[in-house]
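Novice: The structure file model_13.txt (compact mmCIF, C-alpha atoms) is provided below.
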# COMPACT_ATOMS: atom_id res chain seq x y z
CA MET S 197 3.35 0.01 4.36
CA LEU S 198 4.67 -2.14 7.17
CA GLY S 199 7.84 -4.16 6.53
CA VAL S 200 6.78 -7.31 8.36
CA SER S 201 9.75 -9.46 7.34
CA GLN S 202 12.21 -6.66 8.13
CA LEU S 203 10.84 -6.25 11.63
CA LEU S 204 10.32 -9.92 12.46
CA THR S 205 13.73 -11.14 11.38
CA GLY S 206 15.83 -8.09 12.17
CA GLU S 207 16.83 -7.62 8.53
CA VAL S 208 16.59 -3.84 9.02
CA THR S 209 17.87 -1.85 11.99
CA GLU S 210 17.89 1.81 12.89
CA GLY S 211 21.49 2.02 11.67
CA ASP S 212 20.47 0.97 8.17
CA ALA S 213 18.21 4.01 7.82
CA LEU S 214 20.61 6.38 9.60
CA ARG S 215 23.39 5.39 7.19
CA TYR S 216 21.53 7.35 4.50
CA GLY S 217 20.56 10.22 6.78
CA ARG S 218 16.96 9.01 6.52
CA HIS S 219 16.74 11.12 3.35
CA SER S 220 14.13 9.81 0.91
CA ALA S 221 16.19 10.57 -2.20
CA LYS S 222 19.11 8.52 -0.86
CA LEU S 223 17.33 5.63 0.86
CA PRO S 224 17.04 2.29 -0.94
CA SER S 225 13.44 1.38 -1.71
CA HIS S 226 13.16 -1.10 1.18
CA LEU S 227 14.03 1.69 3.65
CA LEU S 228 11.76 4.43 2.33
CA HIS S 229 9.23 3.75 5.11
CA TYR S 230 11.74 5.22 7.57
CA SER S 231 12.59 8.49 5.84
CA GLU S 232 12.63 11.71 7.83
CA ASP S 233 11.66 14.20 5.14
CA LYS S 234 8.50 12.27 4.11
CA ARG S 235 8.31 13.45 0.53
CA PRO S 236 5.04 12.13 -0.88
CA VAL S 237 4.97 8.86 -2.77
CA VAL S 238 2.41 9.59 -5.48
CA VAL S 239 -0.03 7.00 -6.77
CA TRP S 240 -1.02 7.97 -10.30
CA THR S 241 -4.16 6.14 -11.38
CA SER S 242 -3.08 6.68 -14.94
CA THR S 243 -6.29 5.42 -16.56
CA ARG S 244 -9.64 4.09 -15.41
CA THR S 245 -9.81 1.70 -18.35
CA CYS S 246 -9.27 -1.93 -17.35
CA ASN S 247 -9.57 -5.21 -19.21
CA LEU S 248 -10.91 -7.00 -16.09
CA HIS S 249 -13.86 -6.41 -13.77
CA CYS S 250 -12.62 -7.07 -10.26
CA ALA S 251 -15.03 -7.43 -7.36
CA HIS S 252 -13.05 -5.15 -5.02
CA CYS S 253 -11.85 -2.47 -7.48
CA TYR S 254 -11.51 0.84 -5.62
CA THR S 255 -11.83 2.88 -8.86
CA ASP S 256 -14.89 1.04 -10.23
CA SER S 257 -13.14 0.62 -13.59
CA HIS S 258 -14.59 -0.91 -16.76
CA ASP S 259 -13.25 -1.87 -20.17
CA VAL S 260 -14.30 1.37 -21.83
CA ASP S 261 -12.52 4.55 -22.87
CA TYR S 262 -12.90 7.32 -20.31
CA GLU S 263 -12.89 10.95 -21.33
CA ASP S 264 -10.75 13.71 -19.88
CA GLU S 265 -7.68 11.66 -18.97
CA LEU S 266 -4.37 13.52 -18.78
CA SER S 267 -2.59 13.94 -22.09
CA THR S 268 1.04 12.88 -22.51
CA ALA S 269 2.16 16.50 -22.20
CA GLU S 270 0.13 16.95 -19.01
CA ALA S 271 1.55 13.73 -17.58
CA PHE S 272 5.09 14.92 -18.35
CA ALA S 273 4.37 18.24 -16.62
CA MET S 274 3.05 16.36 -13.58
CA VAL S 275 6.23 14.25 -13.45
CA ASP S 276 8.44 17.35 -13.69
CA ASP S 277 6.59 18.99 -10.81
CA LEU S 278 6.81 15.85 -8.67
CA ALA S 279 10.52 15.49 -9.37
CA ASP S 280 11.14 19.14 -8.46
CA LEU S 281 9.20 18.55 -5.23
CA GLY S 282 11.43 15.60 -4.40
CA SER S 283 8.79 12.89 -4.59
CA PRO S 284 10.85 9.67 -4.57
CA VAL S 285 8.39 7.25 -6.20
CA LEU S 286 5.74 7.38 -8.91
CA LEU S 287 3.47 4.38 -8.45
CA ILE S 288 1.53 3.93 -11.68
CA SER S 289 -1.81 2.21 -11.19
CA GLY S 290 -5.23 2.20 -12.79
CA GLY S 291 -7.57 0.78 -13.96
CA GLU S 292 -4.97 -1.24 -15.75
CA PRO S 293 -1.92 0.97 -16.44
CA LEU S 294 -0.88 -1.13 -19.43
CA ARG S 295 -4.05 0.05 -21.17
CA ARG S 296 -2.56 3.56 -21.25
CA HIS S 297 -0.94 4.15 -24.66
CA ASP S 298 1.97 6.29 -23.43
CA LEU S 299 2.83 4.37 -20.26
CA LEU S 300 6.40 3.65 -21.34
CA GLU S 301 7.00 7.25 -22.39
CA VAL S 302 5.80 8.69 -19.09
CA ALA S 303 7.69 6.08 -17.08
CA ALA S 304 10.87 6.81 -19.02
CA HIS S 305 10.46 10.53 -18.37
CA ALA S 306 10.03 9.92 -14.63
CA ARG S 307 13.17 7.79 -14.63
CA SER S 308 15.08 10.52 -16.48
CA ARG S 309 14.07 12.92 -13.68
CA GLY S 310 15.49 10.59 -11.04
CA MET S 311 12.23 9.10 -9.78
CA ARG S 312 11.70 5.42 -9.08
CA VAL S 313 8.79 4.02 -11.04
CA VAL S 314 6.60 1.20 -9.76
CA ILE S 315 3.72 -0.39 -11.65
CA SER S 316 0.67 -1.98 -10.05
CA THR S 317 -1.04 -4.26 -12.56
CA ASN S 318 -3.28 -7.29 -12.94
CA GLY S 319 -0.51 -8.73 -15.12
CA THR S 320 -2.70 -10.19 -17.85
CA LEU S 321 -1.27 -7.86 -20.51
CA ILE S 322 2.40 -8.50 -19.70
CA THR S 323 3.94 -10.61 -22.45
CA PRO S 324 7.67 -11.34 -22.68
CA ASP S 325 7.97 -8.44 -25.13
CA VAL S 326 6.14 -6.05 -22.76
CA ALA S 327 8.31 -7.18 -19.83
CA THR S 328 11.45 -6.51 -21.88
CA LYS S 329 10.23 -3.00 -22.67
CA LEU S 330 9.40 -2.30 -19.01
CA ALA S 331 12.87 -3.44 -18.01
CA ALA S 332 14.48 -1.26 -20.70
CA VAL S 333 12.69 1.79 -19.31
CA GLY S 334 14.05 1.05 -15.84
CA ILE S 335 10.89 0.13 -13.93
CA SER S 336 11.93 -0.50 -10.33
CA TYR S 337 9.22 -2.96 -9.43
CA VAL S 338 6.11 -4.62 -10.88
CA GLY S 339 3.39 -5.60 -8.41
CA ILE S 340 0.98 -8.19 -9.80
CA SER S 341 -2.35 -8.77 -8.07
CA ILE S 342 -3.21 -12.32 -7.02
CA ASP S 343 -6.41 -12.94 -5.07
CA GLY S 344 -5.79 -16.57 -4.08
CA ARG S 345 -5.93 -19.99 -5.69
CA PRO S 346 -6.72 -20.10 -9.42
CA GLU S 347 -10.47 -20.55 -8.95
CA THR S 348 -10.59 -17.81 -6.29
CA HIS S 349 -8.56 -15.41 -8.40
CA ASP S 350 -10.56 -15.95 -11.59
CA ARG S 351 -13.81 -15.42 -9.68
CA PHE S 352 -12.54 -12.14 -8.15
CA ARG S 353 -11.21 -10.92 -11.48
CA GLY S 354 -14.25 -11.84 -13.53
CA MET S 355 -12.26 -13.72 -16.18
CA LYS S 356 -11.54 -17.41 -16.60
CA GLY S 357 -7.81 -17.90 -17.12
CA ALA S 358 -6.83 -14.66 -15.34
CA PHE S 359 -4.69 -16.56 -12.82
CA ASP S 360 -2.69 -18.36 -15.50
CA ALA S 361 -2.16 -15.09 -17.36
CA SER S 362 -0.87 -13.40 -14.20
CA MET S 363 1.48 -16.30 -13.49
CA ALA S 364 2.84 -16.06 -17.02
CA ALA S 365 3.43 -12.34 -16.41
CA ILE S 366 5.45 -13.10 -13.28
CA GLU S 367 7.69 -15.46 -15.21
CA ALA S 368 8.07 -12.93 -18.03
CA CYS S 369 9.10 -10.21 -15.57
CA LYS S 370 11.64 -12.50 -13.90
CA ALA S 371 13.10 -13.48 -17.28
CA ALA S 372 13.46 -9.80 -18.20
CA GLY S 373 15.29 -9.04 -14.95
CA LEU S 374 12.44 -7.05 -13.40
CA LYS S 375 11.83 -7.17 -9.67
CA VAL S 376 8.32 -8.57 -9.34
CA GLY S 377 6.02 -9.33 -6.43
CA LEU S 378 2.54 -10.41 -5.45
CA ARG S 379 -0.23 -8.09 -4.27
CA PHE S 380 -3.06 -9.64 -2.26
CA THR S 381 -6.14 -7.92 -0.81
CA LEU S 382 -7.34 -9.69 2.33
CA THR S 383 -11.09 -10.38 2.42
CA ARG S 384 -13.41 -12.87 4.07
CA ALA S 385 -13.74 -14.62 0.72
CA ASN S 386 -10.04 -15.37 0.23
CA ARG S 387 -8.38 -15.37 3.66
CA ALA S 388 -8.38 -19.19 3.67
CA ASP S 389 -5.97 -19.03 0.71
CA LEU S 390 -3.41 -16.98 2.63
CA PRO S 391 -1.14 -19.92 3.69
CA TRP S 392 -1.25 -21.21 0.11
CA LEU S 393 -0.08 -17.81 -1.10
CA PHE S 394 3.16 -18.18 0.85
CA ASP S 395 3.66 -21.61 -0.71
CA LEU S 396 3.13 -20.08 -4.15
CA MET S 397 5.69 -17.36 -3.46
CA ALA S 398 8.32 -19.93 -2.47
CA GLU S 399 7.45 -22.29 -5.33
CA ARG S 400 7.70 -19.51 -7.92
CA ASN S 401 10.68 -17.84 -6.22
CA VAL S 402 8.87 -14.51 -6.01
CA PRO S 403 10.80 -12.22 -3.65
CA ARG S 404 8.02 -9.92 -2.47
CA LEU S 405 4.48 -10.13 -1.14
CA CYS S 406 2.35 -7.17 -0.09
CA ILE S 407 -0.92 -7.92 1.70
CA TYR S 408 -3.49 -5.13 1.59
CA HIS S 409 -6.43 -4.60 3.88
CA LEU S 410 -9.71 -3.83 2.14
CA ALA S 411 -10.64 -0.26 1.30
CA PRO S 412 -14.43 0.16 1.08
CA THR S 413 -14.46 2.45 -1.97
CA GLY S 414 -15.41 1.91 -5.60
CA ARG S 415 -16.96 -1.54 -6.05
CA GLY S 416 -15.47 -2.55 -2.71
CA ALA S 417 -17.97 -0.23 -0.99
CA ARG S 418 -20.86 -2.35 -2.25
CA LEU S 419 -19.51 -5.59 -0.79
CA LYS S 420 -21.18 -5.70 2.60
CA GLY S 421 -19.52 -8.04 5.05
CA PHE S 422 -16.54 -8.48 2.70
CA ALA S 423 -13.97 -7.26 5.22
CA PRO S 424 -12.74 -9.83 7.77
CA THR S 425 -13.83 -9.46 11.37
CA SER S 426 -11.32 -8.26 13.95
CA GLU S 427 -10.69 -11.81 15.10
CA GLU S 428 -10.26 -13.03 11.51
CA THR S 429 -7.82 -10.21 10.83
CA ARG S 430 -5.76 -11.08 13.91
CA GLU S 431 -5.71 -14.74 12.86
CA SER S 432 -4.56 -13.68 9.38
CA LEU S 433 -1.74 -11.57 10.81
CA ASP S 434 -0.62 -14.51 12.94
CA ILE S 435 -0.46 -16.63 9.79
CA ILE S 436 1.58 -13.93 8.04
CA PHE S 437 4.04 -13.75 10.93
CA ASP S 438 4.37 -17.54 11.23
CA ARG S 439 4.79 -18.19 7.51
CA THR S 440 7.29 -15.34 7.11
CA ARG S 441 9.46 -16.77 9.88
CA ASP S 442 9.05 -20.30 8.53
CA LEU S 443 10.28 -19.29 5.06
CA ALA S 444 13.24 -17.43 6.57
CA GLU S 445 14.22 -20.47 8.63
CA ARG S 446 14.17 -22.53 5.42
CA GLY S 447 16.55 -20.10 3.72
CA PHE S 448 14.02 -18.14 1.66
CA HIS S 449 13.91 -14.47 2.68
CA PRO S 450 11.09 -12.68 0.87
CA ASP S 451 10.12 -9.09 1.53
CA VAL S 452 6.70 -9.41 3.19
CA LEU S 453 4.66 -6.28 3.84
CA THR S 454 1.16 -5.31 4.91
CA ALA S 455 -0.61 -2.13 3.84
CA ASP S 456 -3.66 0.01 4.52
CA ASN S 457 -4.22 -0.86 8.18
CA HIS S 458 -1.82 0.72 10.63
CA ALA S 459 -3.16 -1.30 13.52
CA ASP S 460 -0.72 -3.85 12.09
CA ALA S 461 2.16 -1.79 13.53
CA ALA S 462 0.69 -2.15 17.01
CA TYR S 463 -0.02 -5.84 16.49
CA ILE S 464 3.53 -6.66 15.41
CA SER S 465 4.82 -4.74 18.45
CA LEU S 466 2.63 -6.86 20.69
CA HIS S 467 3.73 -10.01 18.89
CA LEU S 468 7.43 -9.24 19.32
CA ALA S 469 6.93 -8.30 22.97
CA ARG S 470 5.85 -11.89 23.49
CA THR S 471 8.22 -13.69 21.13
CA ASN S 472 11.38 -11.56 20.93
CA PRO S 473 11.31 -8.80 23.59
CA ASP S 474 14.98 -7.93 23.05
CA ARG S 475 14.00 -6.36 19.72
CA GLY S 476 11.26 -4.22 21.25
CA ALA S 477 13.09 -0.90 21.46
CA SER S 478 14.62 -1.25 17.98
CA VAL S 479 11.30 -2.14 16.39
CA HIS S 480 9.47 0.69 18.12
CA GLN S 481 12.05 3.17 16.84
CA LEU S 482 11.59 1.97 13.27
CA LEU S 483 7.81 2.02 13.58
CA SER S 484 7.84 5.54 14.98
CA TRP S 485 10.02 6.64 12.05
CA ASN S 486 7.49 5.01 9.75
CA GLY S 487 4.88 7.15 11.48
CA GLY S 488 1.74 5.23 10.57
CA ASN S 489 -0.83 6.60 8.18
CA GLY S 490 0.63 9.23 5.86
CA SER S 491 -2.47 10.43 3.99
CA GLY S 492 -1.98 14.09 3.20
CA ARG S 493 1.68 13.91 4.13
CA SER S 494 3.79 11.06 2.71
CA ILE S 495 1.23 9.59 0.30
CA ALA S 496 -1.00 11.19 -2.31
CA CYS S 497 -2.98 10.27 -5.39
CA VAL S 498 -3.38 11.92 -8.77
CA ALA S 499 -6.30 10.50 -10.72
CA SER S 500 -6.40 9.93 -14.45
CA ASN S 501 -8.22 13.25 -14.94
CA GLY S 502 -5.77 15.23 -12.78
CA GLU S 503 -7.79 15.34 -9.56
CA VAL S 504 -5.62 15.18 -6.44
CA TYR S 505 -6.58 13.17 -3.37
CA ALA S 506 -5.01 12.68 0.06
CA ASP S 507 -4.72 8.98 -0.70
CA GLN S 508 -5.83 6.65 -3.48
CA PHE S 509 -9.03 5.64 -1.68
CA TRP S 510 -10.38 9.10 -0.82
CA ARG S 511 -11.90 9.66 -4.23
CA TRP S 512 -14.88 11.77 -3.18
CA ARG S 513 -12.78 14.55 -1.56
CA SER S 514 -10.79 16.27 -4.31
CA LEU S 515 -8.06 18.64 -3.13
CA GLY S 516 -7.80 20.31 -6.52
CA ASN S 517 -6.72 19.49 -10.05
CA ILE S 518 -3.21 19.67 -11.47
CA ARG S 519 -4.63 21.27 -14.61
CA GLU S 520 -5.48 24.29 -12.45
CA ARG S 521 -2.77 24.19 -9.76
CA LYS S 522 0.44 22.22 -9.67
CA PHE S 523 0.59 19.27 -7.31
CA SER S 524 3.39 21.03 -5.40
CA GLU S 525 1.15 24.05 -4.83
CA ILE S 526 -1.69 21.86 -3.57
CA TYR S 527 0.47 19.74 -1.29
CA ARG S 528 3.19 22.15 -0.18
CA ASP S 529 2.56 25.79 -0.90
CA GLU S 530 -1.13 26.30 -0.09
CA PRO S 531 -2.55 22.98 1.16
CA PRO S 532 -6.33 22.68 1.49
CA GLU S 533 -7.99 22.48 4.90
CA LEU S 534 -8.26 18.68 4.82
CA VAL S 535 -4.51 18.32 4.25
CA ARG S 536 -3.74 20.75 7.07
CA GLN S 537 -6.03 18.79 9.36
CA LEU S 538 -4.48 15.46 8.42
CA ARG S 539 -1.00 16.80 9.19
CA ALA S 540 -2.10 17.95 12.66
CA ARG S 541 -4.76 15.36 13.30
CA THR S 542 -4.06 14.27 16.89
CA THR S 543 -6.66 16.45 18.63
CA LEU S 544 -9.25 15.71 15.90
CA LEU S 545 -9.05 11.93 16.21
CA PRO S 546 -11.64 9.95 18.16
CA GLU S 547 -10.95 9.71 21.88
CA ARG S 548 -9.95 6.05 21.61
CA CYS S 549 -7.21 6.96 19.13
CA GLN S 550 -6.01 9.97 21.10
CA SER S 551 -5.50 7.83 24.21
CA CYS S 552 -4.12 4.80 22.35
CA ALA S 553 -0.70 3.56 23.46
CA PHE S 554 0.18 3.04 19.78
CA LEU S 555 -0.83 6.42 18.37
CA ASP S 556 2.77 7.26 17.45
CA VAL S 557 3.06 4.19 15.20
CA CYS S 558 -0.48 4.24 13.77
CA ASN S 559 -1.43 7.94 13.50
CA GLY S 560 -5.13 7.23 13.73
CA ASN S 561 -5.29 4.77 10.82
CA PHE S 562 -7.17 5.56 7.58
CA ARG S 563 -9.38 8.62 7.86
CA SER S 564 -10.74 7.95 4.35
CA ARG S 565 -12.01 4.52 5.47
CA ALA S 566 -13.51 6.06 8.61
CA GLU S 567 -15.33 8.69 6.56
CA ALA S 568 -16.49 6.18 3.94
CA THR S 569 -18.03 3.88 6.53
CA THR S 570 -19.22 6.25 9.28
CA GLY S 571 -19.71 9.55 7.44
CA ASP S 572 -17.35 11.20 9.95
CA THR S 573 -13.78 12.05 8.92
CA TRP S 574 -12.75 11.80 12.55
CA GLY S 575 -14.77 8.73 13.48
CA MET S 576 -13.24 5.33 14.21
CA ASP S 577 -11.66 3.36 11.41
CA PRO S 578 -13.79 0.18 11.52
CA LEU S 579 -10.80 -2.01 10.63
CA CYS S 580 -8.93 -1.20 13.85
CA TYR S 581 -8.87 -4.60 15.55
CA LEU S 582 -6.99 -3.75 18.74
CA THR S 583 -8.67 -4.62 22.02
CA ASP S 584 -9.40 -2.00 24.67
CA ASP S 585 -6.75 -3.62 26.86
CA GLU S 586 -4.11 -3.33 24.14
CA VAL S 587 -5.04 0.27 23.40
CA ALA S 588 -4.76 1.16 27.08
CA ARG S 589 -1.59 -0.69 28.03
CA GLY S 590 0.50 -0.89 24.87
CA VAL S 591 3.18 -3.54 24.69
CA ALA S 592 2.66 -4.23 28.37
CA ALA S 593 -0.55 -5.94 27.28
CA ALA S 594 1.58 -8.63 25.72
CA GLN S 595 2.92 -9.62 29.12
CA PRO S 596 1.00 -11.29 31.96
CA VAL S 597 -0.43 -8.87 34.46
CA ALA S 598 1.10 -9.33 37.90
CA ALA S 599 -1.34 -10.27 40.67
CA ASN S 600 -1.87 -7.68 43.40
How would this structure read if it were set down as structure tokens?
Specialist:
Amino acid sequence: MLGVSQLLTGEVTEGDALRYGRHSAKLPSHLLHYSEDKRPVVVWTSTRTCNLHCAHCYTDSHDVDYEDELSTAEAFAMVDDLADLGSPVLLISGGEPLRRHDLLEVAAHARSRGMRVVISTNGTLITPDVATKLAAVGISYVGISIDGRPETHDRFRGMKGAFDASMAAIEACKAAGLKVGLRFTLTRANRADLPWLFDLMAERNVPRLCIYHLAPTGRGARLKGFAPTSEETRESLDIIFDRTRDLAERGFHPDVLTADNHADAAYISLHLARTNPDRGASVHQLLSWNGGNGSGRSIACVASNGEVYADQFWRWRSLGNIRERKFSEIYRDEPPELVRQLRARTTLLPERCQSCAFLDVCNGNFRSRAEATTGDTWGMDPLCYLTDDEVARGVAAAQPVAAN
């Protein structure tokens, strides 16, 4: 993830991360991007069952019971292994995680082992009573998906009234003292609602917004032309930067992030080179500590049936199953070939990435998206929107070229 608001407004500096030794177990959640030890944040897609039918679902979930999901005992064993490994965060997703019967038990166990627990949900099942129970367990953060204005959201989610239910969930979480935020996946069908989303955040006093780029897996893979063009993506990033600054100038300081496209790190560097060049060195240091794409290194996914993946979108390339080998063995002790390649990927990346001025802050972007769209693990990620000039000249491309 890229901490857009942190970088734009200077809310985070190198000293903030160094104060905690850049150690993931000690860093506050908003500084985890800059850890040195890079213990994996694990996304646990706890169940495939979901009460909605979203157009861009990366797990292709339905409202049915799926066989072979991890038992409570197996989930506890997974948590123990992750805690022993030093994984700082368990991000519980789905499907819809609130459809899993033992969610609170597993979350409580993770908290007892010192892990932070985050829930990614559509929000429609969060009542005031549920929010109170989540708060009692010690959930660190609840991310609720919003796809745009009410009519846009309901259309994406396949249920009339889904938007109102999600808004009610946000209010219930706030009343229970839970940190809550919005999750928004940027597509061609909803990008026009992006400015409105910032207005909604301010109106509802929601302190966090994470904007995701589309991953063409699950049902999302069948949506041809759903991803914005490069120019549309750049325009959307400009809106994000402008609205983030505008809210800060008006005294509202939300945590705004983007995710799943590490070209954003290059683009914010270019933006600051033009608008606030004095912050250039500081921002580049933070971005290099972030390190760009962490698939196979600082991010991982455990599916509802125990299959392990290098990230939550790479669901056709299993690295093993925790029922047969512990996660720690798969990721640390004897990593599969794909993981070893991802950790030493530089010479395997396409030539354009290898020669890119921003390789140290991007790390070749999402290899899972490249493989899903081109069939080549080491092909170009189609959502890289940097121009050849930017790739070649780095932040210098943000400045006028002197005449000979």
Novice: Just checking: using all atoms listed in the file, which residue out of S:Cys406, S:Val285, S:Leu515, S:Leu382 ends up closest to Phe352 (chain S)?
Specialist: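 Checking each of S:Cys406, S:Val285, S:Leu515, S:Leu382 against Phe352 (chain S), counting all atoms listed in the file, the winner is S:Leu382.
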Novice: The centre and edge lengths of an axis-aligned box containing all atoms of region 393-400 of chain S present in the file, extended by 4 Å on each side, are to be given in Å to one decimal, as JSON.
Specialist:
{"center_x": 4.1, "center_y": -19.8, "center_z": -3.5, "size_x": 16.4, "size_y": 12.9, "size_z": 16.8}
Novice: So how many Å separate CA of Leu374 (chain S) and CA of Thr454 (chain S), to one decimal?
Specialist: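 If I compute the distance from CA of Leu374 (chain S) to CA of Thr454 (chain S), I get 21.6 Å.
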Novice: Could you tell me which of S:Trp512, S:Tyr505, S:Tyr527, S:Tyr463 comes closest to Thr583 (chain S) if we count all atoms listed in the file?
Specialist: S:Tyr463
Novice: Which residue gives the smallest distance to Tyr581 (chain S) among S:Asp460, S:Glu445, S:Asp474, S:Asp389, with all atoms listed in the file counted?
Specialist: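 Once distances to Tyr581 (chain S) are computed over all atoms listed in the file, the minimum belongs to S:Asp460.
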Novice: Return the single residue from S:Ser564, S:Ser551, S:Asn457, S:Thr245 that is closest to Leu433 (chain S), with distances computed using all atoms listed in the file.
Specialist: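 Between S:Ser564, S:Ser551, S:Asn457, S:Thr245, the residue approaching Leu433 (chain S) most closely is S:Asn457.
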Novice: Find the residue from S:Val504, S:Leu286, S:Ile518, S:Leu405 that sits nearest to Ser491 (chain S); use all atoms listed in the file when measuring.
Specialist: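 Answer, going by the shortest atom-to-atom distance: S:Val504.
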Novice: What's the 10 Å shell around Val498 (chain S), counting all atoms listed in the file, without same-chain residues fewer than 4 positions away, as a VMD selection string?
Specialist: chain S and resid 238 to 242 274 288 502 to 508 511 514 to 518 523
Novice: Which distance in Å separates CA of Ser231 (chain S) and CA of Ile315 (chain S), to one decimal?
Specialist: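 Taking CA of Ser231 (chain S) and CA of Ile315 (chain S), their separation equals 21.5 Å.
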Novice: Hey, what's within 9 Å of Ala303 (chain S) if we count only C-alpha atoms and toss same-chain stuff fewer than 4 positions away? As a list in words, please?
Specialist: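 In the requested format, the answer is Leu286, Ile288, Asp298, Leu299, Arg307, Ser308, Arg312, Val313, Val314, Leu330, Val333, Gly334 and Ile335 of chain S.
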Novice: Deliver the residues from the most recent selection as a file, using C-alpha atoms, as a compact mmCIF listing (two decimals), in the frame of the given file.
Specialist:
# COMPACT_ATOMS: atom_id res chain seq x y z
CA LEU S 286 5.74 7.38 -8.91
CA ILE S 288 1.53 3.93 -11.68
CA ASP S 298 1.97 6.29 -23.43
CA LEU S 299 2.83 4.37 -20.26
CA ARG S 307 13.17 7.79 -14.63
CA SER S 308 15.08 10.52 -16.48
CA ARG S 312 11.70 5.42 -9.08
CA VAL S 313 8.79 4.02 -11.04
CA VAL S 314 6.60 1.20 -9.76
CA LEU S 330 9.40 -2.30 -19.01
CA VAL S 333 12.69 1.79 -19.31
CA GLY S 334 14.05 1.05 -15.84
CA ILE S 335 10.89 0.13 -13.93
